[in-house]
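Visitor: Have a peek at data-v1.txt (compact mmCIF, C-alpha atoms (C1' of nucleotides)).
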# COMPACT_ATOMS: atom_id res chain seq x y z
CA MET A 1 120.03 135.03 88.40
CA ARG A 2 118.01 132.22 89.98
CA GLN A 3 118.00 133.64 93.48
CA GLN A 4 117.18 130.33 95.06
CA ASP A 5 120.03 128.49 93.34
CA VAL A 6 122.52 131.13 94.34
CA PHE A 7 121.56 131.27 98.02
CA LYS A 8 121.46 127.48 98.19
CA ALA A 9 124.90 127.33 96.64
CA MET A 10 126.30 129.81 99.14
CA ALA A 11 124.82 127.93 102.10
CA ASP A 12 127.52 125.28 102.16
CA PRO A 13 130.92 126.05 103.74
CA THR A 14 132.84 123.85 101.33
CA ARG A 15 131.35 125.69 98.38
CA ARG A 16 132.17 129.07 99.88
CA ALA A 17 135.73 127.88 100.39
CA ILE A 18 135.87 126.83 96.75
CA LEU A 19 134.82 130.30 95.65
CA LYS A 20 137.45 131.80 97.90
CA ARG A 21 140.12 129.64 96.31
CA LEU A 22 139.05 130.94 92.91
CA GLN A 23 139.48 134.55 93.97
CA ASP A 24 143.06 134.66 92.75
CA GLY A 25 142.40 133.12 89.38
CA PRO A 26 141.16 130.01 87.60
CA LEU A 27 142.10 126.55 88.87
CA THR A 28 141.51 123.01 87.73
CA ALA A 29 139.11 120.77 89.62
CA GLY A 30 142.05 118.82 90.99
CA GLU A 31 143.88 121.93 92.17
CA ILE A 32 140.80 123.14 93.97
CA GLY A 33 140.14 119.77 95.54
CA ALA A 34 143.69 119.30 96.78
CA VAL A 35 143.07 121.21 99.99
CA PHE A 36 139.75 119.58 100.87
CA ASP A 37 139.40 116.34 102.79
CA ILE A 38 136.68 115.07 100.54
CA THR A 39 136.45 112.72 97.57
CA ALA A 40 136.65 113.97 93.99
CA ALA A 41 133.08 112.80 93.50
CA SER A 42 131.78 114.97 96.32
CA LEU A 43 133.76 117.90 95.00
CA SER A 44 132.23 117.36 91.63
CA HIS A 45 128.78 117.56 93.15
CA HIS A 46 129.65 120.89 94.72
CA PHE A 47 130.94 122.14 91.38
CA ALA A 48 127.62 121.20 89.81
CA VAL A 49 125.74 123.23 92.41
CA LEU A 50 128.01 126.23 91.85
CA LYS A 51 127.61 125.91 88.10
CA ARG A 52 123.83 125.69 88.33
CA ALA A 53 123.96 128.95 90.28
CA ASP A 54 126.25 130.35 87.60
CA LEU A 55 128.75 131.29 90.29
CA VAL A 56 131.51 129.53 88.39
CA ARG A 57 132.30 129.00 84.72
CA THR A 58 134.11 126.01 83.29
CA GLU A 59 136.36 125.40 80.37
CA ARG A 60 137.89 122.14 79.37
CA ARG A 61 141.60 122.33 78.80
CA GLY A 62 142.77 118.98 77.57
CA GLN A 63 142.42 116.49 80.35
CA TYR A 64 141.61 119.18 82.85
CA ILE A 65 138.57 121.25 83.53
CA VAL A 66 139.34 124.77 84.59
CA TYR A 67 136.99 126.59 86.95
CA SER A 68 136.78 130.33 87.25
CA LEU A 69 134.72 132.67 89.37
CA ASN A 70 131.80 134.52 87.80
CA SER A 71 131.79 137.61 89.95
CA THR A 72 128.76 139.22 88.32
CA VAL A 73 126.51 136.85 90.23
CA LEU A 74 128.25 137.76 93.48
CA GLU A 75 127.66 141.37 92.61
CA ASP A 76 123.98 140.76 91.92
CA LEU A 77 123.67 138.92 95.20
CA ALA A 78 125.33 141.72 97.16
CA ARG A 79 123.03 144.26 95.56
CA LEU A 80 120.02 142.13 96.38
CA LEU A 81 121.03 142.10 100.04
CA ILE A 82 121.54 145.83 100.09
CA ASP A 83 118.10 146.25 98.58
CA LEU A 84 116.73 144.44 101.60
CA PHE A 85 117.88 147.22 103.87
CA PRO A 86 115.03 148.99 105.62
CA SER A 87 113.68 151.66 103.32
CA ARG A 88 113.88 154.92 105.20
CA GLU A 89 110.56 156.30 104.06
CA ARG A 90 111.77 159.31 102.13
CA ALA A 91 109.57 161.03 99.58
CA GLY A 92 109.47 159.08 96.35
CA GLY A 93 108.39 155.74 97.73
CA LYS A 94 110.39 152.73 98.81
CA SER A 95 113.94 152.94 97.56
CA MET B 1 128.31 137.14 112.62
CA ARG B 2 128.14 133.35 112.35
CA GLN B 3 128.59 133.16 108.62
CA GLN B 4 127.15 129.69 108.40
CA ASP B 5 123.99 130.57 110.30
CA VAL B 6 123.37 133.60 108.15
CA PHE B 7 123.83 131.87 104.82
CA LYS B 8 121.69 128.95 105.98
CA ALA B 9 118.99 131.36 107.08
CA MET B 10 119.01 133.13 103.72
CA ALA B 11 118.79 129.87 101.80
CA ASP B 12 115.06 129.45 102.36
CA PRO B 13 112.59 131.41 100.22
CA THR B 14 110.02 131.76 103.01
CA ARG B 15 112.64 133.29 105.28
CA ARG B 16 113.76 135.72 102.60
CA ALA B 17 110.14 136.72 102.12
CA ILE B 18 109.84 137.30 105.86
CA LEU B 19 112.83 139.64 105.78
CA LYS B 20 111.31 141.47 102.84
CA ARG B 21 108.08 141.96 104.76
CA LEU B 22 110.09 143.51 107.58
CA GLN B 23 111.71 146.05 105.29
CA ASP B 24 109.02 148.63 105.95
CA GLY B 25 109.03 148.31 109.71
CA PRO B 26 108.46 145.91 112.60
CA LEU B 27 105.56 143.46 112.51
CA THR B 28 104.10 140.92 114.89
CA ALA B 29 104.53 137.22 114.21
CA GLY B 30 100.87 137.01 113.26
CA GLU B 31 101.07 139.93 110.84
CA ILE B 32 104.04 138.39 109.13
CA GLY B 33 102.46 134.98 108.93
CA ALA B 34 99.16 136.27 107.52
CA VAL B 35 100.39 136.16 103.94
CA PHE B 36 102.02 132.75 104.11
CA ASP B 37 100.22 129.49 103.54
CA ILE B 38 101.96 127.77 106.38
CA THR B 39 101.13 126.94 110.00
CA ALA B 40 102.10 129.22 112.85
CA ALA B 41 104.36 126.46 114.14
CA SER B 42 106.33 126.35 110.91
CA LEU B 43 106.57 130.11 110.88
CA SER B 44 107.91 130.00 114.38
CA HIS B 45 110.62 127.62 113.27
CA HIS B 46 111.64 130.05 110.56
CA PHE B 47 111.74 132.88 113.09
CA ALA B 48 114.03 130.82 115.26
CA VAL B 49 116.43 130.33 112.37
CA LEU B 50 116.39 134.04 111.56
CA LYS B 51 116.98 134.91 115.20
CA ARG B 52 119.88 132.48 115.50
CA ALA B 53 121.43 134.27 112.53
CA ASP B 54 120.70 137.56 114.25
CA LEU B 55 118.90 138.74 111.13
CA VAL B 56 115.88 139.72 113.19
CA ARG B 57 115.36 141.07 116.68
CA THR B 58 112.33 140.42 118.85
CA GLU B 59 110.49 142.31 121.50
CA ARG B 60 107.45 141.13 123.40
CA ARG B 61 104.65 143.62 123.45
CA GLY B 62 101.90 142.24 125.59
CA GLN B 63 100.41 139.26 123.89
CA TYR B 64 102.35 139.89 120.74
CA ILE B 65 105.93 139.42 119.75
CA VAL B 66 107.24 142.08 117.46
CA TYR B 67 109.91 141.24 114.92
CA SER B 68 112.23 143.75 113.34
CA LEU B 69 115.00 143.54 110.80
CA ASN B 70 118.61 143.76 111.94
CA SER B 71 120.17 145.28 108.88
CA THR B 72 123.72 145.30 110.17
CA VAL B 73 123.95 141.58 109.51
CA LEU B 74 122.69 142.11 105.97
CA GLU B 75 125.35 144.74 105.58
CA ASP B 76 128.04 142.40 106.86
CA LEU B 77 126.86 139.73 104.48
CA ALA B 78 126.90 142.07 101.50
CA ARG B 79 130.42 143.17 102.38
CA LEU B 80 131.52 139.56 102.69
CA LEU B 81 130.26 138.85 99.18
CA ILE B 82 132.00 141.88 97.78
CA ASP B 83 135.21 140.75 99.43
CA LEU B 84 134.92 137.56 97.40
CA PHE B 85 135.32 139.50 94.19
CA PRO B 86 138.45 138.53 92.29
CA SER B 87 141.36 140.53 93.64
CA ARG B 88 142.83 142.41 90.73
CA GLU B 89 146.44 141.95 91.69
CA ARG B 90 147.42 145.56 92.18
CA ALA B 91 150.46 146.52 94.24
CA GLY B 92 149.72 146.24 97.92
CA GLY B 93 148.47 142.69 97.98
CA LYS B 94 144.99 141.29 97.84
CA SER B 95 142.34 143.93 98.46
C1' DT C 1 90.52 132.81 137.92
C1' DA C 2 88.80 131.18 133.26
C1' DG C 3 88.58 131.61 128.61
C1' DA C 4 90.41 133.46 124.49
C1' DT C 5 94.21 134.78 121.67
C1' DG C 6 99.16 134.91 120.10
C1' DA C 7 103.14 132.43 119.83
C1' DT C 8 106.55 128.69 120.83
C1' DT C 9 107.98 123.85 121.83
C1' DA C 10 107.82 118.74 121.21
C1' DG C 11 107.68 114.98 118.41
C1' DA C 12 106.87 112.79 113.95
C1' DT C 13 107.30 112.44 108.91
C1' DA C 14 108.64 113.48 104.19
C1' DA C 15 111.89 115.60 101.30
C1' DA C 16 116.39 117.44 100.34
C1' DT C 17 121.41 117.46 101.04
C1' DT C 18 126.07 115.72 101.72
C1' DT C 19 128.91 112.24 101.39
C1' DC C 20 130.67 107.83 99.97
C1' DT C 21 132.10 103.82 96.61
C1' DA C 22 131.96 102.09 92.11
C1' DA C 23 131.45 102.79 87.41
C1' DA C 24 131.58 105.67 83.33
C1' DT C 25 133.47 109.39 80.22
C1' DA C 26 137.12 112.30 78.16
C1' DT C 27 141.76 113.07 77.02
C1' DT C 28 146.71 112.33 76.70
C1' DG C 29 150.82 109.85 75.23
C1' DC C 30 153.00 105.67 74.09
C1' DG D 1 144.27 100.95 70.55
C1' DC D 2 145.62 100.82 75.62
C1' DA D 3 146.93 102.32 79.94
C1' DA D 4 147.07 106.27 82.88
C1' DT D 5 145.10 110.51 84.58
C1' DA D 6 141.26 113.92 85.43
C1' DT D 7 136.67 114.41 86.15
C1' DT D 8 131.76 113.31 86.27
C1' DT D 9 127.68 110.25 86.93
C1' DA D 10 124.94 106.62 89.35
C1' DG D 11 123.21 104.80 93.30
C1' DA D 12 123.07 104.27 98.31
C1' DA D 13 123.48 105.71 103.32
C1' DA D 14 123.45 109.19 106.90
C1' DT D 15 122.22 113.71 108.15
C1' DT D 16 119.64 117.88 107.96
C1' DT D 17 115.58 120.55 106.94
C1' DA D 18 110.71 121.97 106.38
C1' DT D 19 106.47 120.92 107.58
C1' DC D 20 102.61 119.19 110.22
C1' DT D 21 99.55 118.22 114.56
C1' DA D 22 99.15 118.46 119.38
C1' DA D 23 100.51 120.39 123.50
C1' DT D 24 102.38 124.16 126.22
C1' DC D 25 103.43 128.93 127.66
C1' DA D 26 102.34 133.98 128.08
C1' DT D 27 99.25 137.62 128.19
C1' DC D 28 94.93 140.01 128.04
C1' DT D 29 90.14 140.73 129.41
C1' DA D 30 85.85 139.81 131.36
Any chance you could put this one into structure tokens?

Guide:
Amino acid sequence: MRQQDVFKAMADPTRRAILKRLQDGPLTAGEIGAVFDITAASLSHHFAVLKRADLVRTERRGQYIVYSLNSTVLEDLARLLIDLFPSRERAGGKS
Amino acid sequence: MRQQDVFKAMADPTRRAILKRLQDGPLTAGEIGAVFDITAASLSHHFAVLKRADLVRTERRGQYIVYSLNSTVLEDLARLLIDLFPSRERAGGKS
DNA sequence: TAGATGATTAGATAAATTTCTAAATATTGC
DNA sequence: GCAATATTTAGAAATTTATCTAATCATCTA
């Protein structure tokens, strides 16, 4: 996981909304974009950022491109945050 | 938690490094900055961003200002990410 | 009170980001 | 092959961000 790419990707509200839309299953680019007041080109840029962070996977299906959530990266990110918690100095070194 | 502020704050590598430095306990601005190749002014900007996100708390101690980690926001953020996991459609609606 | 030290604020600049329009690419179906 | 549809790429404009220097504010100590 390229930490920087993932945090950068998560820093934009539109991209977080895209991920949320993908929670319930894969969607085509058009289906995702339908609810955003933004051009398809801008959407496509956001998809590229999410792909670079490996937060989404793509699969072409005929004319369409289907996006799906890659939750393992979300999991890694959550773990990383938890690892930032203050280490209560118990014997055995920093947890 | 202002989601946007928190994600924005986490998107910068210097700020993440600052948080990491605070894992083992509070530090003054100067102590934190000592390991970064950056001016005190720039550091101060980063502190402001972290404070706005409520990721750090400050306390003046004489000449110094002591920064400490506010882990509850990290916890909230981790939970938020976990809640983005695909909802395996079990009876009872989305988890 | 002055000088020194720690830290923030103000203002400027360079780089990155978001968004747009227009053009290009991929695929379907006639 | 051509037109229509779905999506991405290219290039430009506006905004935001990270950084710097210089100036200011707060506190300590002599």

Visitor: Could you list, with a cut-off of 10 Å and counting all atoms listed in the file, the residues of chain C near chain B, each shown with its nearest atom pair and the distance in Å rounded to one decimal, rows sorted by chain and ascending number, as CSV?

Guide:
residue,atom,partner,partner_atom,distance
C:DT5,C1',B:Gln63,CA,8.0
C:DG6,C1',B:Gln63,CA,5.9
C:DA7,C1',B:Ala29,CA,7.5
C:DT8,C1',B:Ser44,CA,6.7
C:DT9,C1',B:Ala41,CA,8.9

Visitor: Do me a favour and pick out the residues of chain B within 9 Å of chain A, using all atoms listed in the file, as a PyMOL selection string.

Guide: chain B and resi 3-13+19-20+22-25+69-72+74-75+77-82+84-89+94

Visitor: Pick out the residues sitting within 9 Å of DT17 in chain C, and hand them over as a PyMOL selection string; count only C-alpha atoms (C1' of nucleotides), and ignore anything fewer than 3 positions along from it in its own chain.

Guide: chain D and resi 15-17

Visitor: Using only C-alpha atoms (C1' of nucleotides), find all polymer residues with an atom at most 10 Å away from the point (86.1, 134.2, 128.2); report them as a PyMOL selection string.

Guide: (chain C and resi 2-4) or (chain D and resi 29-30)

Visitor: What does the distance between C1' of DC25 in chain D and CA of His46 in chain B come to in Å, to one decimal place?

Guide: 19.0 Å

Visitor: Give the answer as one residue: which of B:Leu27, B:Met1, B:Val49, B:Ile18 has the shortest atom-to-atom distance to chain D, using only C-alpha atoms (C1' of nucleotides)?

Guide: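 Closest to chain D, using only C-alpha atoms (C1' of nucleotides): B:Val49.
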
Visitor: Expressed in Å to a single decimal, how great is the separation between C1' of DT19 in chain C and CA of Gly33 in chain A?

Guide: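 The value is 14.7 Å.
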
Visitor: Have a look at CA of Phe36 in chain A and CA of Leu55 in chain A and let me know their distance in Å, one decimal.

Guide: 19.2 Å

Visitor: Kindly compute an axis-aligned box around the listed atoms of range 13-26 of chain B, allowing 6 Å on each side, and express its centre and edge lengths in Å to one decimal as JSON.

Guide:
{"center_x": 110.9, "center_y": 140.0, "center_z": 106.4, "size_x": 17.7, "size_y": 29.2, "size_z": 24.4}

Visitor: Report as a PyMOL selection string the set of chain D residues whose atoms approach chain B to within 8 Å, with distances computed over all atoms listed in the file.

Guide: chain D and resi 18-20+26-28
